[in-house]
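Worksheet: one structure, shown below.
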Amino acid sequence: MLKKIIFTAVILIIGIVTGKFLFGSTDHTVMPSPNDLYRNTGSKGTSNLIQEKQFNGTIHEVKNGGLIQDAVKKAVPGDLIRVFPGTYKETVYIDKDDISFQGIIKEGEWPVLNGSKELNDAFLYSGNGIRIENFKIVNYKGNGIMGQAGNNFVLRNNWIIDAGVYGIFPQYGMNGLIEHNMLTGIEDAAIYVGMCENIDVLHNEVYGNVAGIEIENSRHCLVENNLAYDNTGGILAFITPGLPIKTTFDVIIRNNFVNKNNHENFGAPGSIVSGIPPGTGILVMAADDVIIENNIITGNDNAGIIITDFKNGGAEASNDPDSEPNPDRIVLLDNFMIDNGNNPVGELKALMLTQLSTKGPDILAIGGGEGSSIRDKERYRTWGLGNFGNAEVAGTGDVKSFLLDQPAEPREISKKDLGEMIYYGICSGCHAYDIRLIGVPMNVIQMIYKDNPQGIVDYITHPKNLREDYPEMPPQDYLSEEAKIAVAEYILTLKK
Amino acid sequence: MKRLSLILLSLISIGFLYDKVSDFYSVPGTEPNYAGIQNDYIELCATCPPGFLLNEENKCISKNLYQQYESLQDAGVGGLKTALPKVRDGFSPQQVDLGRYLFFDPVLSKDGSMSCATCHDPNKGFSDGLSVGQGMNGSKLNRGTPSLWNVAYLKKLFWDVRASSLEEQMQGPLYAENEMGNTPENLLLSLNQIPTYRRLFAEAFPDREVNDSISLFEIYTSIAAFESSLISLNSKYDQYAHGFHEALNEKEIEGLNIFRSFVARCAECHTPPLFTNQQVAVIGSPEPDGLKLDPGAEITFNDPTRRGGFKVPSLRNIEKTGPYMHSGNFKTLKETVAFYNKGRGHAVPKNEKLYLHWHIWEPDLTDYELDRLVDFLKTLTDESFTPKVPVILPSAVVKQDKISS
């Protein structure tokens with residue numbers, strides 16, 4: 001008996017030691033390749049982010065207890081910030097270009113940004129070329145990731161829970177990829193593409209939000225292979241009036257699962273989405289040229305697809321004469337739709353009674369709009385599709401991605417143009433060519449610094465008051481070195 | 001020797017051109033003084049105001065660092081490094097300078113008591129420091145005087161967006177009985193009687209006969225030219241936006257981040273770089289005591305869903321242009337930002353149905369955050385291109401004649 005126990009114990013010890021040897025974690029973690037940041041892992045081949053690009057920046061590491069923002073302050077364009085597992089309570093703002101953020105997930109432990117319902121937003125960026133991946137973002141009041149005007153962004157593999165109003169919200173951006181994110185508990189749209197162009201939203205899971213994915217006042221957007229369930233509304237393509245960019249068109253919604261989006265609407269009173277009836281699969285409001293193809297749309301209790309103008313959309317907002325309110329040229333192709341409309345609410349319920357029906361439809365079109373079409377209309381239970389023609393579009397297969405072949409590049413500015421902008425945009429407040437304003441005339445400066453632009457650069461960086469009859473010049477050290485030499489050279493070429 | 005020749009040269013050039021141009025702009029604060037000066041002294045400036053390049057066609061072309069950037073659909077809204085909306089430029093330096101004289105000249109009003117600058121005072125951010133504007137004989141108007149900084153970028157003018165150009169806008173106050181009280185006929189008559197103006201208009205509009213009468217078109221064009229020259233794009237914020245992050249201190253950056261956060265949502269309507277998206281918004285801000293709810297854009301569009309709607313104003317130089325909101329109900333910036341924190345519709349009169357903007361909600365900002373917002377708003381101040389008030393006006397002598405007759 002004792003022998004047997006000892007034997008078992010020995011085997012166990014050997015087992016533990018062997019196991020530790022075979023599977024044991026070491027301090028060495030294999031890091032993901034920085035070059036992967038520049039690739040689109042979602043769709044293959046046709047969509048190129050900046051695929052040819054090789055990472056050659058500096059890697060800044062942030063570990064638990066550190067601040068990600070401190071790394072941002074140090075980073076220069078091209079750098080990568082790696083964030084290790086831990087909890088980070090901060091708002092990270094990025095007003096620089098080409099900065100990447102890579103969370104390091106170790107044995108299931110994520111780097112977590114926690115706003116404790118006190119902080120506003122987790123990531124705020126305005127730069128171009130921002131990439132954010134592998135973060136868990138929880139308990140913010142505003143947004144998980146918010147972009148204002150940054151182009152060429154990649155936001156992926158983020159896990160966002162109750163980040164407030166929007167989960168991922170790029171605004172005024174061009175050429176961006178949002179993929180492989182999971183978002184829940186968002187009181188407006190989990191993924192909200194607002195006033196953007198050329199955006200792919202791929203392979204995301206959105207559930208338990210008021211709106212799953214919303215394309216608003218944006219063009220050339222692909223929403224593909226996403227799973228949207230248990231939201232109030234699954235996938236939305238909208239025009240919201242009163243915004244400075246007025247149109248939504250050229251949107252493809254395909255190969256998505258849009259199931260049981262029957263969540264109670266917990267949107268903030270007055271918000272546009274607070275008018276979405278629970279049980280709405282896909283909602284097209286006022287947007288044009290939307291193609292809905294090959295989606296599996298099931299179990300949405302109000303209706304599978306609703307196509308509506310702004311007036312019937314349920315949102316209560318001021319009219320905007322510059323915003324065209326009707327959905328035009330909507331195309332519905334081969335969608336799998338069953339079990340929708342089991343429990344219509346609000347306007348649709350009233351409509352149901354007039355239709356002498358006990359169920360809501362798979363597809364409802366209500367209000368204005370023209371030129372829309374559908375393939376195999378007889379497959380579905382439809383209301384209001386009387387003026388829909390037969391779809392002439394064969395499919396959207398030729399569109400693999402709306403991402404640009406080349407990144408949206410910043411405007412090309414020559415040195416002379418930059419110098420001219422600075423001279424007239426700033427210097428001319430105090431200087432004119434051949435007269436005294438507040439500062440010394442430029443023709444005098446030209447004589448002093450003939451063939452010596454660097455002399456001007458040195459002076460404007462650290463002005464010394466050389467002339468008693470003039471006030472001291474404030475330092476222009478806020479200009480970059482490139483800007484200073486550009487304006488110095490420009491000044492030396494002035495002729496009037 | 002070299003140094004001496006430099007000084008000599010600069011003295012000569014200064015002496016030679018001083019009269020023509022030195023009058024154009026300076027630090028604000030100069031008091032106008034019309035008395036006893038020969039008005040024939042006035043000559044129009046041949047160089048562009050600051051912020052503009054003079055091209056080969058004698059036109060002033062706007063130049064600034066935001067021209068380095070793009071904006072989506074050229075809408076001029078976005079983030080920090082975003083292009084501005086399309087600018088109104090291309091006036092000649094002479095038109096701009098003539099516009100400056102007209103702008104400051106009370107001869108434009110019916111009784112010679114008010115100029116444009118009476119309400120749009122350069123020392124008060126081109127506004128008047130009052131809750132609501134004050135017209136001729138002290139009559140109180142309904143709305144606050146909007147600032148004129150950066151109007152060259154605005155597509156719609158007046159709080160209720162009823163004008164689509166500066167030329168259209170200025171005819172409002174010029175001819176309103178309770179503002180400047182003039183008529184087009186009287187305006188033409190008064191200006192055409194002033195020899196200096198006859199000469200200056202002929203110079204600013206060289207394509208017509210020298211002896212032709214001054215036309216309304218020329219008057220409107222000149223004033224629009226001057227107003228379009230009021231550019232403010234060199235604030236501390238702008239330095240930050242262009243990449244010099246030390247321009248703002250920690251508290252101001254905190255304020256910027258609150259400003260653009262989706263909790264406060266300020267930037268959703270006051271969108272950079274102009275700090276307005278130029279839309280109409282119904283926000284439900286209260287009228288001062290005793291004033292009825294102003295229907296605003298409801299009248300312009302004959303649309304009850306726009307009741308109480310007003311143009312989103314630019315926030316540039318906002319520090320200088322209080323009191324705030326369309327009828328100046330809030331004296332300070334702190335009171336103004338606090339309004340947005342008090343809940344959606346909290347100040348809407350009970351019997352009113354307003355279609356409040358969806359961004360008006362309950363952001364639940366702390367008092368600390370409101371203070372940081374104010375810190376940030378003050379970084380939008382830049383008056384470095386403030387034009388100079390003319391020392392003499394073409395109407396100075398004639399004005400006395402008029403009063404005696």
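Chain identifiers are assigned as A, B, and so on, following the order in which chains appear in the structure tokens; residues are numbered from 1 within each chain, and ligands are numbered from 1 in order of appearance.
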
Where does DSSP see helix (DSSP H, G or I) in stretch 395-496 of chain A, if you list the residues as a short mmCIF file (atom, residue, chain, number, x, y, z; two decimals) with N, CA and C atoms, in the first residue's frame?
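The result, stored in selection-v7.cif:
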data_model
loop_
_atom_site.label_atom_id
_atom_site.label_comp_id
_atom_site.auth_asym_id
_atom_site.auth_seq_id
_atom_site.Cartn_x
_atom_site.Cartn_y
_atom_site.Cartn_z
N LYS A 415 8.82 73.45 -50.02
CA LYS A 415 9.49 74.31 -49.05
C LYS A 415 9.09 75.77 -49.26
N LYS A 416 9.01 76.15 -50.51
CA LYS A 416 8.65 77.54 -50.82
C LYS A 416 7.23 77.85 -50.34
N ASP A 417 6.31 76.90 -50.61
CA ASP A 417 4.93 77.13 -50.18
C ASP A 417 4.84 77.22 -48.66
N LEU A 418 5.58 76.36 -47.99
CA LEU A 418 5.56 76.39 -46.53
C LEU A 418 6.09 77.73 -46.02
N GLY A 419 7.19 78.16 -46.63
CA GLY A 419 7.76 79.45 -46.24
C GLY A 419 6.78 80.59 -46.47
N GLU A 420 6.09 80.52 -47.58
CA GLU A 420 5.12 81.56 -47.93
C GLU A 420 3.96 81.58 -46.93
N MET A 421 3.47 80.38 -46.57
CA MET A 421 2.37 80.30 -45.59
C MET A 421 2.79 80.90 -44.26
N ILE A 422 4.01 80.60 -43.85
CA ILE A 422 4.46 81.10 -42.54
C ILE A 422 4.70 82.60 -42.62
N TYR A 423 5.34 83.04 -43.70
CA TYR A 423 5.65 84.47 -43.79
C TYR A 423 4.37 85.30 -43.76
N TYR A 424 3.43 84.96 -44.65
CA TYR A 424 2.21 85.76 -44.68
C TYR A 424 1.26 85.41 -43.55
N GLY A 425 1.26 84.14 -43.16
CA GLY A 425 0.34 83.71 -42.11
C GLY A 425 0.74 84.17 -40.72
N CYS A 427 4.42 86.04 -39.91
CA CYS A 427 5.38 87.16 -39.85
C CYS A 427 4.76 88.49 -40.27
N SER A 428 3.85 88.42 -41.25
CA SER A 428 3.32 89.66 -41.81
C SER A 428 2.50 90.45 -40.80
N GLY A 429 2.23 89.86 -39.64
CA GLY A 429 1.57 90.63 -38.59
C GLY A 429 2.45 91.75 -38.08
N MET A 442 11.59 93.83 -44.13
CA MET A 442 12.25 92.63 -44.63
C MET A 442 13.42 92.94 -45.55
N ASN A 443 13.36 94.05 -46.28
CA ASN A 443 14.50 94.34 -47.15
C ASN A 443 15.75 94.65 -46.33
N VAL A 444 15.56 95.13 -45.12
CA VAL A 444 16.70 95.34 -44.23
C VAL A 444 17.24 93.98 -43.75
N ILE A 445 16.29 93.13 -43.38
CA ILE A 445 16.69 91.79 -42.92
C ILE A 445 17.42 91.04 -44.04
N GLN A 446 16.96 91.23 -45.26
CA GLN A 446 17.61 90.57 -46.40
C GLN A 446 19.07 90.99 -46.53
N MET A 447 19.32 92.25 -46.25
CA MET A 447 20.71 92.71 -46.35
C MET A 447 21.58 92.13 -45.24
N ILE A 448 21.00 92.07 -44.05
CA ILE A 448 21.78 91.55 -42.91
C ILE A 448 22.10 90.06 -43.10
N PRO A 453 20.39 81.98 -44.44
CA PRO A 453 19.07 81.67 -43.85
C PRO A 453 19.20 81.11 -42.43
N GLN A 454 20.28 80.37 -42.18
CA GLN A 454 20.46 79.80 -40.84
C GLN A 454 20.56 80.91 -39.79
N GLY A 455 21.14 82.04 -40.20
CA GLY A 455 21.21 83.18 -39.30
C GLY A 455 19.83 83.64 -38.88
N ILE A 456 18.91 83.65 -39.82
CA ILE A 456 17.52 84.03 -39.49
C ILE A 456 16.92 83.00 -38.55
N VAL A 457 17.16 81.70 -38.88
CA VAL A 457 16.63 80.64 -38.03
C VAL A 457 17.12 80.82 -36.59
N ASP A 458 18.41 81.05 -36.45
CA ASP A 458 18.98 81.22 -35.11
C ASP A 458 18.35 82.41 -34.40
N TYR A 459 18.19 83.49 -35.16
CA TYR A 459 17.65 84.70 -34.52
C TYR A 459 16.21 84.49 -34.08
N ILE A 460 15.35 83.94 -34.95
CA ILE A 460 13.93 83.85 -34.57
C ILE A 460 13.70 82.79 -33.49
N THR A 461 14.66 81.88 -33.35
CA THR A 461 14.54 80.90 -32.27
C THR A 461 14.85 81.55 -30.92
N GLU A 481 11.90 72.94 -37.04
CA GLU A 481 13.14 73.32 -37.71
C GLU A 481 12.93 73.44 -39.21
N GLU A 482 12.16 72.50 -39.74
CA GLU A 482 11.85 72.51 -41.17
C GLU A 482 11.09 73.80 -41.55
N ALA A 483 10.15 74.17 -40.68
CA ALA A 483 9.35 75.37 -40.95
C ALA A 483 10.22 76.62 -40.85
N LYS A 484 11.13 76.63 -39.88
CA LYS A 484 11.95 77.83 -39.69
C LYS A 484 12.89 78.06 -40.88
N ILE A 485 13.50 76.99 -41.35
CA ILE A 485 14.42 77.18 -42.47
C ILE A 485 13.63 77.53 -43.74
N ALA A 486 12.41 76.96 -43.85
CA ALA A 486 11.59 77.29 -45.03
C ALA A 486 11.25 78.77 -45.05
N VAL A 487 10.86 79.30 -43.91
CA VAL A 487 10.46 80.71 -43.90
C VAL A 487 11.70 81.61 -44.04
N ALA A 488 12.83 81.18 -43.46
CA ALA A 488 14.05 81.98 -43.59
C ALA A 488 14.46 82.09 -45.06
N GLU A 489 14.43 80.96 -45.75
CA GLU A 489 14.79 81.00 -47.17
C GLU A 489 13.79 81.82 -47.96
N TYR A 490 12.52 81.71 -47.57
CA TYR A 490 11.50 82.47 -48.29
C TYR A 490 11.72 83.97 -48.11
N ILE A 491 12.02 84.36 -46.90
CA ILE A 491 12.23 85.78 -46.61
C ILE A 491 13.34 86.35 -47.49
N LEU A 492 14.39 85.55 -47.70
CA LEU A 492 15.52 86.04 -48.50
C LEU A 492 15.19 86.17 -49.98
N THR A 493 14.06 85.59 -50.40
CA THR A 493 13.68 85.71 -51.82
C THR A 493 12.60 86.77 -52.05
#

Chain A contacts to chain B at 7 Å (only C-alpha atoms) as a ChimeraX atom specification
/A:120-121,126,141-143,148-149,172,242-245,270-272,316-319,410-411,413,421-422,424-426,428-429,434-437,444,478-479

Produce a file of the selected residues containing N, CA and C atoms, as an mmCIF file, in the first residue's frame.
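Contents of the output file part_30.cif:
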data_model
loop_
_atom_site.group_PDB
_atom_site.id
_atom_site.type_symbol
_atom_site.label_atom_id
_atom_site.label_comp_id
_atom_site.auth_asym_id
_atom_site.auth_seq_id
_atom_site.Cartn_x
_atom_site.Cartn_y
_atom_site.Cartn_z
ATOM 1 N N ASN A 120 -13.271 60.377 -19.496
ATOM 2 C CA ASN A 120 -14.143 60.572 -20.652
ATOM 3 C C ASN A 120 -13.873 59.554 -21.761
ATOM 4 N N ASP A 121 -12.707 59.610 -22.357
ATOM 5 C CA ASP A 121 -12.416 58.716 -23.472
ATOM 6 C C ASP A 121 -11.113 57.965 -23.205
ATOM 7 N N SER A 126 -5.863 62.556 -33.250
ATOM 8 C CA SER A 126 -6.112 63.449 -34.380
ATOM 9 C C SER A 126 -5.086 63.225 -35.483
ATOM 10 N N LYS A 141 -16.682 57.091 -19.923
ATOM 11 C CA LYS A 141 -17.954 57.813 -20.030
ATOM 12 C C LYS A 141 -18.277 58.209 -21.473
ATOM 13 N N GLY A 142 -17.240 58.387 -22.276
ATOM 14 C CA GLY A 142 -17.454 58.901 -23.635
ATOM 15 C C GLY A 142 -17.285 57.819 -24.681
ATOM 16 N N ASN A 143 -16.079 57.698 -25.183
ATOM 17 C CA ASN A 143 -15.798 56.715 -26.219
ATOM 18 C C ASN A 143 -14.616 55.836 -25.844
ATOM 19 N N GLN A 148 -10.421 62.041 -34.548
ATOM 20 C CA GLN A 148 -10.914 63.259 -35.179
ATOM 21 C C GLN A 148 -9.974 63.624 -36.325
ATOM 22 N N ALA A 149 -10.391 63.238 -37.510
ATOM 23 C CA ALA A 149 -9.726 63.603 -38.754
ATOM 24 C C ALA A 149 -8.464 62.805 -39.076
ATOM 25 N N TYR A 172 -14.435 62.051 -39.443
ATOM 26 C CA TYR A 172 -13.681 62.819 -40.448
ATOM 27 C C TYR A 172 -12.399 62.098 -40.869
ATOM 28 N N GLY A 242 -28.201 67.954 -40.184
ATOM 29 C CA GLY A 242 -27.589 68.930 -39.275
ATOM 30 C C GLY A 242 -26.098 68.761 -39.091
ATOM 31 N N LEU A 243 -25.492 67.826 -39.822
ATOM 32 C CA LEU A 243 -24.041 67.658 -39.743
ATOM 33 C C LEU A 243 -23.395 68.356 -40.936
ATOM 34 N N PRO A 244 -22.125 68.729 -40.807
ATOM 35 C CA PRO A 244 -21.498 69.499 -41.888
ATOM 36 C C PRO A 244 -21.212 68.680 -43.148
ATOM 37 N N ILE A 245 -21.129 67.362 -43.039
ATOM 38 C CA ILE A 245 -20.982 66.524 -44.235
ATOM 39 C C ILE A 245 -22.307 65.786 -44.398
ATOM 40 N N GLY A 270 -33.092 61.768 -26.523
ATOM 41 C CA GLY A 270 -32.720 62.784 -27.494
ATOM 42 C C GLY A 270 -31.686 62.321 -28.500
ATOM 43 N N SER A 271 -30.978 61.227 -28.211
ATOM 44 C CA SER A 271 -29.985 60.761 -29.181
ATOM 45 C C SER A 271 -30.714 60.191 -30.401
ATOM 46 N N ILE A 272 -30.035 60.211 -31.542
ATOM 47 C CA ILE A 272 -30.665 59.750 -32.778
ATOM 48 C C ILE A 272 -31.059 58.278 -32.643
ATOM 49 N N GLU A 316 -36.016 62.340 -33.515
ATOM 50 C CA GLU A 316 -36.638 63.642 -33.419
ATOM 51 C C GLU A 316 -35.556 64.715 -33.471
ATOM 52 N N ALA A 317 -35.417 65.341 -34.606
ATOM 53 C CA ALA A 317 -34.387 66.375 -34.735
ATOM 54 C C ALA A 317 -34.868 67.410 -35.730
ATOM 55 N N SER A 318 -34.223 68.562 -35.693
ATOM 56 C CA SER A 318 -34.549 69.632 -36.633
ATOM 57 C C SER A 318 -34.331 69.172 -38.065
ATOM 58 N N ASN A 319 -35.113 69.720 -38.973
ATOM 59 C CA ASN A 319 -34.874 69.466 -40.387
ATOM 60 C C ASN A 319 -33.610 70.185 -40.835
ATOM 61 N N PRO A 410 -0.812 62.985 -46.917
ATOM 62 C CA PRO A 410 -0.982 64.407 -46.638
ATOM 63 C C PRO A 410 -0.667 65.229 -47.884
ATOM 64 N N ARG A 411 -1.197 66.413 -47.907
ATOM 65 C CA ARG A 411 -0.969 67.323 -49.035
ATOM 66 C C ARG A 411 0.530 67.567 -49.213
ATOM 67 N N ILE A 413 3.523 69.680 -49.774
ATOM 68 C CA ILE A 413 3.822 71.102 -49.601
ATOM 69 C C ILE A 413 5.297 71.331 -49.905
ATOM 70 N N MET A 421 3.465 80.377 -46.568
ATOM 71 C CA MET A 421 2.373 80.300 -45.593
ATOM 72 C C MET A 421 2.787 80.903 -44.257
ATOM 73 N N ILE A 422 4.015 80.596 -43.848
ATOM 74 C CA ILE A 422 4.464 81.096 -42.545
ATOM 75 C C ILE A 422 4.704 82.600 -42.617
ATOM 76 N N TYR A 424 3.432 84.964 -44.653
ATOM 77 C CA TYR A 424 2.207 85.763 -44.682
ATOM 78 C C TYR A 424 1.263 85.406 -43.549
ATOM 79 N N GLY A 425 1.264 84.141 -43.157
ATOM 80 C CA GLY A 425 0.337 83.708 -42.107
ATOM 81 C C GLY A 425 0.739 84.169 -40.718
ATOM 82 N N ILE A 426 2.025 84.404 -40.496
ATOM 83 C CA ILE A 426 2.475 84.776 -39.146
ATOM 84 C C ILE A 426 3.311 86.068 -39.170
ATOM 85 N N SER A 428 3.849 88.419 -41.254
ATOM 86 C CA SER A 428 3.316 89.665 -41.814
ATOM 87 C C SER A 428 2.499 90.451 -40.797
ATOM 88 N N GLY A 429 2.226 89.861 -39.644
ATOM 89 C CA GLY A 429 1.566 90.626 -38.591
ATOM 90 C C GLY A 429 2.449 91.754 -38.081
ATOM 91 N N ASP A 434 9.125 96.679 -47.270
ATOM 92 C CA ASP A 434 10.002 97.849 -47.284
ATOM 93 C C ASP A 434 9.486 98.973 -46.391
ATOM 94 N N ILE A 435 8.641 98.612 -45.431
ATOM 95 C CA ILE A 435 8.200 99.635 -44.496
ATOM 96 C C ILE A 435 8.276 99.087 -43.088
ATOM 97 N N ARG A 436 8.292 100.003 -42.157
ATOM 98 C CA ARG A 436 8.321 99.580 -40.768
ATOM 99 C C ARG A 436 6.885 99.395 -40.272
ATOM 100 N N LEU A 437 6.587 98.246 -39.769
ATOM 101 C CA LEU A 437 5.318 98.058 -39.064
ATOM 102 C C LEU A 437 5.662 98.042 -37.581
ATOM 103 N N VAL A 444 15.557 95.125 -45.125
ATOM 104 C CA VAL A 444 16.702 95.340 -44.232
ATOM 105 C C VAL A 444 17.235 93.980 -43.755
ATOM 106 N N TYR A 478 8.099 77.872 -31.612
ATOM 107 C CA TYR A 478 7.024 76.900 -31.810
ATOM 108 C C TYR A 478 7.020 76.329 -33.228
ATOM 109 N N LEU A 479 7.763 76.979 -34.116
ATOM 110 C CA LEU A 479 7.863 76.447 -35.481
ATOM 111 C C LEU A 479 8.880 75.307 -35.498
#

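Atom CA of A:Asn175 is found 8.1 Å from atom CA of A:Asp200.
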
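In this comparison, which uses only C-alpha atoms, the residue of B:Phe275, B:Phe259, B:Phe310, B:Phe104 approaching B:Val337 most closely is B:Phe259.
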
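Our summary of the geometry notes that atom CA of B:Ala338 is positioned 15.6 Å from atom CA of B:Ile318.
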
Go through A:Val210, A:Ile105, A:Ile199, A:Leu283 one by one, measure the shortest atom-to-atom distance of each to A:Leu222 using only C-alpha atoms, and give the residue with the smallest value.
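The closest residue to A:Leu222 is A:Ile199.
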
With DSSP run on the backbone, what are the strand (DSSP E or B) residues within stretch 208-374 of chain B? I'd like them as an MDAnalysis selection string.
chainID B and resid 280:282 296 309:311 324 330

A:Ile297: which residues within 9 Å, counting only C-alpha atoms, same-chain residues fewer than 4 positions away excluded, as a list in words?
Asn256, Phe257, Val258, Asn259, Lys260, Gly281, Ile282, Gly304, Ile305, Asn335, Phe336, Met337, Ile338, Asp339, Asn340 and Asp362 of chain A

Next, the residues of the selection above should be written as an mmCIF file, in the first residue's frame with N, CA and C atoms.
data_model
loop_
_atom_site.group_PDB
_atom_site.id
_atom_site.type_symbol
_atom_site.label_atom_id
_atom_site.label_comp_id
_atom_site.auth_asym_id
_atom_site.auth_seq_id
_atom_site.Cartn_x
_atom_site.Cartn_y
_atom_site.Cartn_z
ATOM 1 N N ASN A 256 -22.833 39.327 -43.250
ATOM 2 C CA ASN A 256 -22.893 39.516 -41.806
ATOM 3 C C ASN A 256 -23.952 38.596 -41.197
ATOM 4 N N PHE A 257 -23.785 38.294 -39.948
ATOM 5 C CA PHE A 257 -24.842 37.644 -39.174
ATOM 6 C C PHE A 257 -25.541 38.725 -38.373
ATOM 7 N N VAL A 258 -26.828 38.856 -38.579
ATOM 8 C CA VAL A 258 -27.583 39.916 -37.897
ATOM 9 C C VAL A 258 -28.762 39.238 -37.205
ATOM 10 N N ASN A 259 -28.557 38.871 -35.960
ATOM 11 C CA ASN A 259 -29.504 37.962 -35.316
ATOM 12 C C ASN A 259 -30.044 38.500 -33.994
ATOM 13 N N LYS A 260 -31.321 38.330 -33.822
ATOM 14 C CA LYS A 260 -31.976 38.594 -32.527
ATOM 15 C C LYS A 260 -31.550 39.920 -31.920
ATOM 16 N N GLY A 281 -33.105 44.586 -37.370
ATOM 17 C CA GLY A 281 -31.885 43.948 -37.870
ATOM 18 C C GLY A 281 -30.979 44.954 -38.549
ATOM 19 N N ILE A 282 -31.383 45.381 -39.742
ATOM 20 C CA ILE A 282 -30.620 46.382 -40.496
ATOM 21 C C ILE A 282 -31.533 47.570 -40.747
ATOM 22 N N GLY A 304 -36.559 42.541 -40.160
ATOM 23 C CA GLY A 304 -35.196 42.188 -40.550
ATOM 24 C C GLY A 304 -34.446 43.374 -41.132
ATOM 25 N N ILE A 305 -35.089 44.016 -42.105
ATOM 26 C CA ILE A 305 -34.489 45.202 -42.735
ATOM 27 C C ILE A 305 -35.543 46.296 -42.799
ATOM 28 N N ASN A 335 -30.398 37.602 -49.351
ATOM 29 C CA ASN A 335 -30.182 37.533 -47.909
ATOM 30 C C ASN A 335 -30.982 36.368 -47.336
ATOM 31 N N PHE A 336 -30.433 35.719 -46.350
ATOM 32 C CA PHE A 336 -31.134 34.632 -45.670
ATOM 33 C C PHE A 336 -31.933 35.250 -44.537
ATOM 34 N N MET A 337 -33.259 35.183 -44.651
ATOM 35 C CA MET A 337 -34.072 35.868 -43.655
ATOM 36 C C MET A 337 -35.188 34.957 -43.174
ATOM 37 N N ILE A 338 -35.155 34.609 -41.907
ATOM 38 C CA ILE A 338 -36.280 33.878 -41.318
ATOM 39 C C ILE A 338 -36.560 34.432 -39.937
ATOM 40 N N ASP A 339 -37.743 34.190 -39.511
ATOM 41 C CA ASP A 339 -38.071 34.395 -38.100
ATOM 42 C C ASP A 339 -37.987 35.854 -37.665
ATOM 43 N N ASN A 340 -38.112 36.778 -38.604
ATOM 44 C CA ASN A 340 -38.109 38.191 -38.217
ATOM 45 C C ASN A 340 -39.542 38.679 -38.014
ATOM 46 N N ASP A 362 -40.106 40.668 -42.913
ATOM 47 C CA ASP A 362 -38.649 40.576 -43.054
ATOM 48 C C ASP A 362 -38.095 41.931 -43.472
#

My list of candidates is B:Leu166, B:Leu44, B:Val96, B:Cys116. Which is closest to B:Cys60 when distances are computed with only C-alpha atoms?
B:Val96

Identify which of the residues B:Pro85, B:Gly255, B:Pro106, B:Gly138 lies closest to B:Tyr153, counting only C-alpha atoms when measuring atom-to-atom distances.
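For B:Tyr153, the nearest of the given residues is B:Pro85.
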
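For the set A:Ile307, A:Leu353, A:Met174, A:Val193, the residue with the smallest atom-to-atom gap to A:Asn151 is A:Met174, counting only C-alpha atoms.
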
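Across the structure, atom CA of A:Asn139 and atom CA of A:Glu118 are spaced 8.1 Å apart.
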
Could you name the residues that touch B:Arg316 at 8 Å or less, counting only C-alpha atoms, but leaving out those on the same chain fewer than 6 positions away, as a ChimeraX atom specification?
/B:149,232,274-275,380-382

Might you pull out every residue within 9 Å of B:Ala224, with only C-alpha atoms counted and same-chain residues fewer than 4 positions away left off, and present them as a list in words?
Phe91, Gln95, Val96, Gly99, Ala152, Ser165, Leu166, Glu167, Met170, Ile219, Tyr220, Ser228 and Ser229 of chain B

Residues near B:Met325, anyone? I mean within 12 Å using only C-alpha atoms, not counting same-chain ones fewer than 4 positions away, as a ChimeraX atom specification.
/B:130-132,142-147,159,282-288,294,308-315,318,321,329-333,335-337,339-340
